[in-house]
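**Student:** What follows is a structure written as structure tokens; I'll ask about it next.
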2 protein chains.
Amino acid sequence: MSQSEIGAVNRQFEEAARKGDLDRLASLYTPDAMAVPPDSRVVKGRENIKQMWAGIAQQIGLKDVRLNTLDLQVAGDMAYEVGEADLTIATGKAALNFVVVWKKTDGQWRLHRDIWNTKAA
Amino acid sequence: MSQSEIGAVNRQFEEAARKGDLDRLASLYTPDAMAVPPDSRVVKGRENIKQMWAGIAQQIGLKDVRLNTLDLQVAGDMAYEVGEADLTIATGKAALNFVVVWKKTDGQWRLHRDIWNTKAA
């Protein structure tokens with residue numbers, strides 16, 4: 001059940017990214033989330049994560065995101081996921097690896113730690 | 001207590017990396033660990049992770065690693081860490097961000113998921 005709930009949040013993430021709905025995207029993170037983009041320092045908290053996504057989306061011309069879960073394990077109100085992301089951007093396609101630590105708070109699974117890097121071609 | 005135990009494993013990781021002791025380095029991971037280096041696909045299992053580290057160490061001329069924990073939260077027999085790594089390599093210095101999901105099995109904390117990317121200068 002938790003696995004399908006987390007999958008549903010990933011679908012919301014994709015939709016928010018596709019629509020450029022940064023408020024919704026940020027709301028999928030915990031208030032005290034940390035995001036770790038490449039070539040950056042750690043980004044802390046929803047508002048900063050929202051600004052981060054705004055910057056990234058503009059920089060790369062983000063059009064579409066598809067998240068593919070390779071491994072997802074749930075332990076109580078925490079879960080950790082290893083996956084791949086296929087992005088459609090201004091210059092074509094890009095592929096990423098990611099690890100997300102999920103946290104369930106108030107009955108809702110949210111991204112709590114989010115880090116990614118480039119995937120091999 | 002778990003926090004200091006995990007810190008102790010990070011010190012073992014540094015020492016194994018410094019000495020080029022790949023068997024010991026690999027033994028700090030769970031048998032079913034996954035490592036996610038940049039520009040790669042997901043690397044699964046101790047033996048493959050050992051080969052991965054052998055390749056990376058040779059490629060960059062790894063001399064020293066210092067791990068700096070920014071955030072570490074323990075939940076039962078799982079923990080997740082956000083940190084930075086300062087590397088001494090053939091060409092000088094390099095800095096990384098990382099997220100590690102830790103798992104305690106048989107009374108021992110081990111790296112279970114390990115992903116990193118380059119840090120801002």
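Residue numbering restarts at 1 for every chain of the structure tokens, chains are lettered A, B, ... in their displayed order, and ligands are numbered from 1 as they appear.
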If we count only C-alpha atoms, what is near Ile6 (chain A) at a cut-off of 8 Å, once residues fewer than 4 positions away on the same chain are taken out, given as an mmCIF file with all heavy atoms, in the first residue's frame?
**Tutor:**
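Written out: out06.cif:
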```
data_model
loop_
_atom_site.group_PDB
_atom_site.id
_atom_site.type_symbol
_atom_site.label_atom_id
_atom_site.label_comp_id
_atom_site.auth_asym_id
_atom_site.auth_seq_id
_atom_site.Cartn_x
_atom_site.Cartn_y
_atom_site.Cartn_z
ATOM 1 N N SER A 2 1.876 1.265 0.895
ATOM 2 C CA SER A 2 2.799 2.415 0.902
ATOM 3 C C SER A 2 3.488 2.562 -0.442
ATOM 4 O O SER A 2 3.724 3.678 -0.918
ATOM 5 C CB SER A 2 3.847 2.235 1.999
ATOM 6 O OG SER A 2 3.247 2.343 3.270
ATOM 7 N N ASN A 10 4.910 10.119 -6.965
ATOM 8 C CA ASN A 10 5.810 10.291 -8.112
ATOM 9 C C ASN A 10 5.042 10.750 -9.357
ATOM 10 O O ASN A 10 5.550 11.553 -10.144
ATOM 11 C CB ASN A 10 6.585 8.994 -8.381
ATOM 12 C CG ASN A 10 7.842 8.882 -7.534
ATOM 13 O OD1 ASN A 10 8.404 9.890 -7.111
ATOM 14 N ND2 ASN A 10 8.279 7.655 -7.276
ATOM 15 N N TRP A 109 2.877 10.543 2.303
ATOM 16 C CA TRP A 109 4.277 10.330 1.949
ATOM 17 C C TRP A 109 4.815 11.539 1.214
ATOM 18 O O TRP A 109 4.196 12.026 0.271
ATOM 19 C CB TRP A 109 4.434 9.093 1.052
ATOM 20 C CG TRP A 109 4.298 7.798 1.780
ATOM 21 C CD1 TRP A 109 3.215 6.976 1.789
ATOM 22 C CD2 TRP A 109 5.292 7.171 2.603
ATOM 23 N NE1 TRP A 109 3.464 5.868 2.581
ATOM 24 C CE2 TRP A 109 4.733 5.961 3.083
ATOM 25 C CE3 TRP A 109 6.594 7.507 2.987
ATOM 26 C CZ2 TRP A 109 5.428 5.097 3.925
ATOM 27 C CZ3 TRP A 109 7.286 6.650 3.821
ATOM 28 C CH2 TRP A 109 6.714 5.463 4.284
ATOM 29 N N ARG A 110 5.977 12.013 1.669
ATOM 30 C CA ARG A 110 6.609 13.166 1.010
ATOM 31 C C ARG A 110 8.103 12.919 0.828
ATOM 32 O O ARG A 110 8.728 12.173 1.583
ATOM 33 C CB ARG A 110 6.410 14.439 1.840
ATOM 34 C CG ARG A 110 4.984 14.936 1.858
ATOM 35 C CD ARG A 110 4.903 16.351 2.421
ATOM 36 N NE ARG A 110 3.532 16.870 2.335
ATOM 37 C CZ ARG A 110 2.593 16.683 3.260
ATOM 38 N NH1 ARG A 110 2.876 16.004 4.362
ATOM 39 N NH2 ARG A 110 1.383 17.184 3.094
#
```
**Student:** Counting only C-alpha atoms, which residues from chain B have an atom at most 12 Å from any atom of chain A, and could you show them as a count of residues only?
**Tutor:** 50
**Student:** Quick one, how far is CA of Gly61 (chain B) from CA of Arg11 (chain B)?
**Tutor:**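 Taking CA of Gly61 (chain B) as the start and CA of Arg11 (chain B) as the end point, the length is 20.0 Å.
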**Student:** Rounded to one decimal in Å, what is the spacing between CA of Lys63 (chain B) and CA of Gly7 (chain B)?
**Tutor:**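 Going from CA of Lys63 (chain B) over to CA of Gly7 (chain B) covers 20.5 Å.
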**Student:** I'm after chain B in the frame of chain A: fit it by least squares over all Cα atoms matched in order, and give me the output as an mmCIF file with C-alpha atoms, in the first residue's frame.
**Tutor:**
```cif
data_model
loop_
_atom_site.group_PDB
_atom_site.id
_atom_site.type_symbol
_atom_site.label_atom_id
_atom_site.label_comp_id
_atom_site.auth_asym_id
_atom_site.auth_seq_id
_atom_site.Cartn_x
_atom_site.Cartn_y
_atom_site.Cartn_z
ATOM 1 C CA MET B 1 -0.010 0.002 -0.006
ATOM 2 C CA SER B 2 2.787 2.404 0.914
ATOM 3 C CA GLN B 3 4.492 1.466 -2.348
ATOM 4 C CA SER B 4 1.487 2.464 -4.438
ATOM 5 C CA GLU B 5 1.029 5.639 -2.372
ATOM 6 C CA ILE B 6 4.631 6.619 -3.080
ATOM 7 C CA GLY B 7 4.148 5.768 -6.743
ATOM 8 C CA ALA B 8 1.138 8.086 -6.783
ATOM 9 C CA VAL B 9 3.255 10.934 -5.382
ATOM 10 C CA ASN B 10 5.816 10.294 -8.117
ATOM 11 C CA ARG B 11 3.031 10.683 -10.682
ATOM 12 C CA GLN B 12 2.069 13.994 -9.017
ATOM 13 C CA PHE B 13 5.717 15.034 -9.174
ATOM 14 C CA GLU B 14 5.815 14.319 -12.912
ATOM 15 C CA GLU B 15 2.606 16.240 -13.514
ATOM 16 C CA ALA B 16 3.728 19.246 -11.445
ATOM 17 C CA ALA B 17 7.070 19.324 -13.264
ATOM 18 C CA ARG B 18 5.389 19.031 -16.674
ATOM 19 C CA LYS B 19 3.010 21.868 -15.879
ATOM 20 C CA GLY B 20 5.678 23.991 -14.229
ATOM 21 C CA ASP B 21 3.568 24.061 -11.056
ATOM 22 C CA LEU B 22 6.347 24.868 -8.608
ATOM 23 C CA ASP B 23 4.079 25.349 -5.593
ATOM 24 C CA ARG B 24 2.686 21.879 -6.035
ATOM 25 C CA LEU B 25 6.124 20.434 -6.681
ATOM 26 C CA ALA B 26 7.453 21.972 -3.470
ATOM 27 C CA SER B 27 4.414 20.739 -1.520
ATOM 28 C CA LEU B 28 5.437 17.154 -2.292
ATOM 29 C CA TYR B 29 8.504 17.642 -0.084
ATOM 30 C CA THR B 30 8.503 17.656 3.716
ATOM 31 C CA PRO B 31 8.848 21.132 5.269
ATOM 32 C CA ASP B 32 12.381 20.241 6.430
ATOM 33 C CA ALA B 33 13.386 18.395 3.266
ATOM 34 C CA MET B 34 16.874 18.560 1.792
ATOM 35 C CA ALA B 35 17.599 18.412 -1.929
ATOM 36 C CA VAL B 36 21.093 17.791 -3.268
ATOM 37 C CA PRO B 37 21.479 18.800 -6.925
ATOM 38 C CA PRO B 38 24.813 18.289 -8.691
ATOM 39 C CA ASP B 39 27.249 21.217 -8.687
ATOM 40 C CA SER B 40 25.483 22.771 -5.733
ATOM 41 C CA ARG B 41 25.372 22.783 -1.995
ATOM 42 C CA VAL B 42 22.593 21.131 -0.012
ATOM 43 C CA VAL B 43 19.265 22.963 -0.418
ATOM 44 C CA LYS B 44 17.160 23.003 2.757
ATOM 45 C CA GLY B 45 13.428 23.547 3.161
ATOM 46 C CA ARG B 46 10.430 23.801 0.851
ATOM 47 C CA GLU B 47 10.817 27.432 -0.138
ATOM 48 C CA ASN B 48 14.473 26.994 -1.116
ATOM 49 C CA ILE B 49 13.639 23.765 -2.938
ATOM 50 C CA LYS B 50 10.931 25.596 -4.860
ATOM 51 C CA GLN B 51 13.453 28.267 -5.895
ATOM 52 C CA MET B 52 15.912 25.526 -6.817
ATOM 53 C CA TRP B 53 13.390 23.849 -9.139
ATOM 54 C CA ALA B 54 12.461 27.213 -10.667
ATOM 55 C CA GLY B 55 16.132 27.780 -11.462
ATOM 56 C CA ILE B 56 16.736 24.279 -12.822
ATOM 57 C CA ALA B 57 13.559 24.267 -14.939
ATOM 58 C CA GLN B 58 14.524 27.581 -16.501
ATOM 59 C CA GLN B 59 18.170 26.657 -16.967
ATOM 60 C CA ILE B 60 17.560 23.381 -18.807
ATOM 61 C CA GLY B 61 14.171 24.189 -20.349
ATOM 62 C CA LEU B 62 12.399 21.355 -18.533
ATOM 63 C CA LYS B 63 9.410 20.010 -20.477
ATOM 64 C CA ASP B 64 8.772 16.534 -19.146
ATOM 65 C CA VAL B 65 9.946 14.162 -16.405
ATOM 66 C CA ARG B 66 9.400 10.422 -16.176
ATOM 67 C CA LEU B 67 10.382 8.723 -12.926
ATOM 68 C CA ASN B 68 11.213 5.030 -12.990
ATOM 69 C CA THR B 69 11.516 3.301 -9.618
ATOM 70 C CA LEU B 70 14.228 0.612 -9.599
ATOM 71 C CA ASP B 71 13.991 -0.223 -5.903
ATOM 72 C CA LEU B 72 11.666 0.926 -3.141
ATOM 73 C CA GLN B 73 11.778 -0.338 0.414
ATOM 74 C CA VAL B 74 9.496 0.806 3.194
ATOM 75 C CA ALA B 75 10.480 0.727 6.881
ATOM 76 C CA GLY B 76 7.763 2.148 9.122
ATOM 77 C CA ASP B 77 7.139 5.782 8.271
ATOM 78 C CA MET B 78 10.343 5.993 6.225
ATOM 79 C CA ALA B 79 11.102 4.599 2.790
ATOM 80 C CA TYR B 80 14.014 4.790 0.423
ATOM 81 C CA GLU B 81 13.878 4.631 -3.327
ATOM 82 C CA VAL B 82 16.496 4.200 -6.030
ATOM 83 C CA GLY B 83 15.386 5.230 -9.480
ATOM 84 C CA GLU B 84 16.049 6.762 -12.829
ATOM 85 C CA ALA B 85 14.558 9.906 -14.337
ATOM 86 C CA ASP B 86 14.138 10.554 -18.046
ATOM 87 C CA LEU B 87 13.906 14.264 -18.786
ATOM 88 C CA THR B 88 12.804 16.089 -21.877
ATOM 89 C CA ILE B 89 14.645 19.393 -21.987
ATOM 90 C CA ALA B 90 15.313 22.204 -24.431
ATOM 91 C CA THR B 91 18.276 20.429 -26.001
ATOM 92 C CA GLY B 92 16.627 16.993 -26.186
ATOM 93 C CA LYS B 93 16.815 14.202 -23.599
ATOM 94 C CA ALA B 94 18.682 13.774 -20.333
ATOM 95 C CA ALA B 95 18.838 10.826 -17.966
ATOM 96 C CA LEU B 96 19.457 10.903 -14.226
ATOM 97 C CA ASN B 97 19.906 8.493 -11.346
ATOM 98 C CA PHE B 98 18.274 9.417 -8.049
ATOM 99 C CA VAL B 99 17.851 8.323 -4.454
ATOM 100 C CA VAL B 100 14.892 9.630 -2.464
ATOM 101 C CA VAL B 101 14.338 9.112 1.251
ATOM 102 C CA TRP B 102 10.594 9.305 1.813
ATOM 103 C CA LYS B 103 8.876 10.243 5.076
ATOM 104 C CA LYS B 104 5.232 9.754 5.976
ATOM 105 C CA THR B 105 3.843 12.643 8.017
ATOM 106 C CA ASP B 106 0.165 13.351 8.665
ATOM 107 C CA GLY B 107 -0.740 10.299 6.590
ATOM 108 C CA GLN B 108 1.070 11.621 3.521
ATOM 109 C CA TRP B 109 4.286 10.322 1.956
ATOM 110 C CA ARG B 110 6.613 13.163 1.021
ATOM 111 C CA LEU B 111 10.134 13.496 -0.353
ATOM 112 C CA HIS B 112 12.430 14.118 2.606
ATOM 113 C CA ARG B 113 15.879 13.729 1.063
ATOM 114 C CA ASP B 114 16.371 13.964 -2.717
ATOM 115 C CA ILE B 115 19.704 13.581 -4.518
ATOM 116 C CA TRP B 116 20.522 12.845 -8.130
ATOM 117 C CA ASN B 117 23.342 12.661 -10.636
ATOM 118 C CA THR B 118 23.750 12.058 -14.340
ATOM 119 C CA LYS B 119 23.206 8.555 -15.635
ATOM 120 C CA ALA B 120 25.454 6.771 -18.111
ATOM 121 C CA ALA B 121 24.297 7.152 -21.708
#
```
**Student:** Extract the full set of helix (DSSP H, G or I) residues from region 26-85 of chain A according to DSSP on the backbone, and format it as a PyMOL selection string.
**Tutor:** chain A and resi 26-27+46-60
**Student:** Write out as a ChimeraX atom specification the set of residues from chain A that DSSP, computed on the backbone, places in strand (DSSP E or B).
**Tutor:** /A:29-36,40,43-44,64-75,78-89,92-105,108-119
